[in-house]
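So the structure is just underneath, and the comments pick up after that.
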Amino acid sequence: MLVESLSVAALAVVLVCAVVRPFGRPEAVFAVPAAGVVIAAGAIPLHDVRDEAARLGPVIGFLAAVLVLAKLCADEGLFHACGTWMACRAAGRPRRLLAAVFGLASVITAALSLDATVVLLTPVVFATAARMGVRPRPHVYASAHLSNTASLLLPVSNLTNLLAFAATGLSFTRFALLMTLPWLVAIAVEYAVFRRFFAADLDAPADGGDTAEPPRMPLFALVTVALTLAGFAVASTVGVDPAWAAAAGASVLAVRALMRRRTTALALVRSASLPFLAFVLALGVVVRAVVDNGLGDALGHVLPDGTALPALLGTAAVAALLANLINNLPAVLALVPLAAPSGPGAVLAVLIGVNVGPNLTYAGSLATLLWRRIAHQHEHHVRLREFTRLGLLTTPAALVLATVALWVSLRLLPA
């Protein structure tokens, strides 16, 4: 009983500190000692720690490469060009700007992960809204919601997807095919609700200056990203870890940036966010301890079996609820081993729950918490009541309809 209580307490400390970040310290400052405590207390044997590290190692390596790739794309001017394109596409009309943000955030989240949307695109959205003289609320909230919802498409779009990808037993291409319809449906639901919810902001006239400057797209960065995405599919087909494709793409841009003296080796290391990588590994160890000491059995009693539509809906609902209770990263670590015996459809339903579900609360995903900090840095107050109301209007509908779309995809594209 002592180790069970200790494991739960350690997870609670890790999650609370990840949300609050006492003294502004990185999440790893609290997660790594917590992992050390559960190991020292015998809540998780050393051989299980090694197994967890071996399982998370490729995921962490991939995440590091994608973070570097996204930062180098920003240095090449990709996100600045995206902002210029949004302003040009909107032509002073707030509703057209919202459509542009939705399209761009969806593509960036899918291709470069949700971190790129939150950290790199959100400031661009603020700047574009200010330049056009439109109210930023609908467009900034869109970047938050789509960093979660639009991460359904590819195994590389979200850390949760990476953690679950191997358990699906699917190739990169088949994963994408099965998730295309749920991805489109979830984004469509969000867009329809946003247009109604923010109608007053979107109908307010723009009072900015000329926004017709044509964008200058950094072709080298765009081609590198496209080839990297193609590399993910090829690597999966031949049995090579996608981390190598990500590393290759990041290396190409890194060599170019170093030769042009646009970056330094130290800046590249910093862009990999080593403290966050340590946090992910430590969190995995703590969650494994909690799952092995009671949580796994409890979840096993409530998680439905099979891939019939009611089972998929139940699985997605349980995943969404758990993500909002303990954050989506611990939720996917806890649920994927339980869902995997029911087949890839059940694992994909878990991903719908842990990716769409976090739009309901601040604590549902680390991406939302990070977005909130960025919003505050731009002196944009995020109101809890408004965030929750928007989440209640979008999340249940997107969750249900995306899961139905997954069920349809599984029947249209049988193994």
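Letters A, B, ... go to the chains of the structure tokens in the order shown; residues in each chain start at 1; ligands are counted from 1 in the same order.
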Q) Could you pull out all residues of region 87-333 of chain A with a DSSP call of alpha helix (DSSP H) and give them as a PyMOL selection string? A) chain A and resi 87-90+94-112+114-115+122-132+137-149+159-168+172-197+199-203+219-237+242-259+265-271+274-290+296-302+309-326+328-333
Q: Compile the contact shell of region 317-334 of chain A as a count of residues only: residues with an atom at most 7 Å away, counting only C-alpha atoms, same-chain residues fewer than 2 positions apart removed.
A: 19
**Q.** Atom pair CA of Thr109 (chain A) / CA of Leu181 (chain A): separation (Å)
**A.** 16.1 Å
Q) When distances are computed from only C-alpha atoms, which of A:Leu274, A:Arg95, A:Tyr362, A:Leu266 shows the smallest separation from Ala200 (chain A)? A) A:Arg95
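Closest approach to Leu268 (chain A) from the set A:Ala70, A:Ala53, A:Val32, A:Val20 is made by A:Ala70, with distances taken over only C-alpha atoms.
CA of Thr128 (chain A) is found 5.9 Å from CA of Gly83 (chain A).
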**Q.** Spatial neighbours of Thr403 (chain A), 7 Å, only C-alpha atoms, chain gap at least 3 places, as a ChimeraX atom specification
**A.** /A:182,312-313,349,352,399-400,406-407
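For the choices A:Ala230, A:Val280, A:Val302, A:Val252, the atom-to-atom distance to Arg55 (chain A) is smallest for A:Val280 when using only C-alpha atoms.
Of note, CA of Val140 (chain A) and CA of Val382 (chain A) are spaced 10.1 Å apart.
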Q.
I'd like the contact shell of Leu121 (chain A) - 8 Å cut-off, only C-alpha atoms, skipping same-chain residues fewer than 3 positions apart - returned as a ChimeraX atom specification.
A. /A:79,105,116-118,124-125,143
Selection export as a PDB file, in the first residue's frame, atoms kept: C-alpha atoms:
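Once everything was written out, this is part27.pdb:
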ATOM      1  CA  PHE A  79       6.835  31.190 -39.893  1.00  0.00           C
ATOM      2  CA  ALA A 105      -2.175  25.633 -37.985  1.00  0.00           C
ATOM      3  CA  ALA A 116       5.689  24.228 -33.575  1.00  0.00           C
ATOM      4  CA  THR A 117       2.134  25.558 -33.659  1.00  0.00           C
ATOM      5  CA  VAL A 118       2.158  26.635 -30.012  1.00  0.00           C
ATOM      6  CA  VAL A 124       3.013  35.038 -35.567  1.00  0.00           C
ATOM      7  CA  VAL A 125      -0.781  34.939 -35.192  1.00  0.00           C
ATOM      8  CA  SER A 143      -3.853  27.988 -32.481  1.00  0.00           C
TER       9      SER A 143
END
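Proximity of A:Ala340, A:Ala221, A:Pro33, A:Pro45 to Asn293 (chain A), computed with only C-alpha atoms, is greatest for A:Pro45.
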Q. Which is closest to Ala405 (chain A) among A:Cys73, A:Ala34, A:Met179, A:Ala188, if we use only C-alpha atoms?
A. A:Met179
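All residues of protein, DNA or RNA that reach within 7 Å of region 21-29 of chain A, judged by only C-alpha atoms and not counting those fewer than 4 positions away in the chain, are Cys17, Pro275, Phe276, Ala278 and Phe279 of chain A.
With distances restricted to only C-alpha atoms, A:Ala129 is the closest residue to Ala91 (chain A) from A:Asp292, A:Leu277, A:Ala129, A:Ala246.
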Closest atom pairs, region 12-110 of chain A residues within 10 Å of region 259-262 of chain A, only C-alpha atoms, as JSON lines:
{"residue": "A:Leu72", "atom": "CA", "partner": "A:Arg262", "partner_atom": "CA", "distance": 9.4}
{"residue": "A:Asp75", "atom": "CA", "partner": "A:Arg262", "partner_atom": "CA", "distance": 7.7}
{"residue": "A:Glu76", "atom": "CA", "partner": "A:Arg262", "partner_atom": "CA", "distance": 8.8}
Near-Ala9 (chain A) list (10 Å; only C-alpha atoms; drop same-chain fewer than 6 positions) as an mmCIF file with N, CA, C and O atoms, in the first residue's frame:
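Below is the file around_19.cif, written as the result:
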data_model
loop_
_atom_site.group_PDB
_atom_site.id
_atom_site.type_symbol
_atom_site.label_atom_id
_atom_site.label_comp_id
_atom_site.auth_asym_id
_atom_site.auth_seq_id
_atom_site.Cartn_x
_atom_site.Cartn_y
_atom_site.Cartn_z
ATOM 1 N N VAL A 3 3.874 1.741 -1.419
ATOM 2 C CA VAL A 3 4.433 2.064 -2.734
ATOM 3 C C VAL A 3 3.353 2.615 -3.667
ATOM 4 O O VAL A 3 3.631 3.491 -4.502
ATOM 5 N N LEU A 15 2.824 16.436 -11.990
ATOM 6 C CA LEU A 15 1.818 17.119 -12.798
ATOM 7 C C LEU A 15 1.539 18.531 -12.289
ATOM 8 O O LEU A 15 1.419 19.474 -13.085
ATOM 9 N N ALA A 34 11.403 12.946 -8.692
ATOM 10 C CA ALA A 34 10.245 12.097 -8.413
ATOM 11 C C ALA A 34 10.465 10.692 -8.948
ATOM 12 O O ALA A 34 10.132 9.694 -8.284
ATOM 13 N N VAL A 38 10.613 7.035 -6.696
ATOM 14 C CA VAL A 38 9.844 5.800 -6.898
ATOM 15 C C VAL A 38 10.767 4.623 -7.194
ATOM 16 O O VAL A 38 10.472 3.477 -6.816
ATOM 17 N N VAL A 286 7.596 7.371 -13.799
ATOM 18 C CA VAL A 286 6.623 7.572 -12.713
ATOM 19 C C VAL A 286 5.270 6.976 -13.086
ATOM 20 O O VAL A 286 4.622 6.304 -12.269
ATOM 21 N N VAL A 290 2.963 3.972 -11.314
ATOM 22 C CA VAL A 290 1.552 4.107 -10.923
ATOM 23 C C VAL A 290 0.703 3.024 -11.583
ATOM 24 O O VAL A 290 -0.160 2.410 -10.947
#
Q.
Residues near Gly133 (chain A), anyone? I mean within 6 Å using only C-alpha atoms, not counting same-chain ones fewer than 3 positions away, as a count of residues only.
A. 5
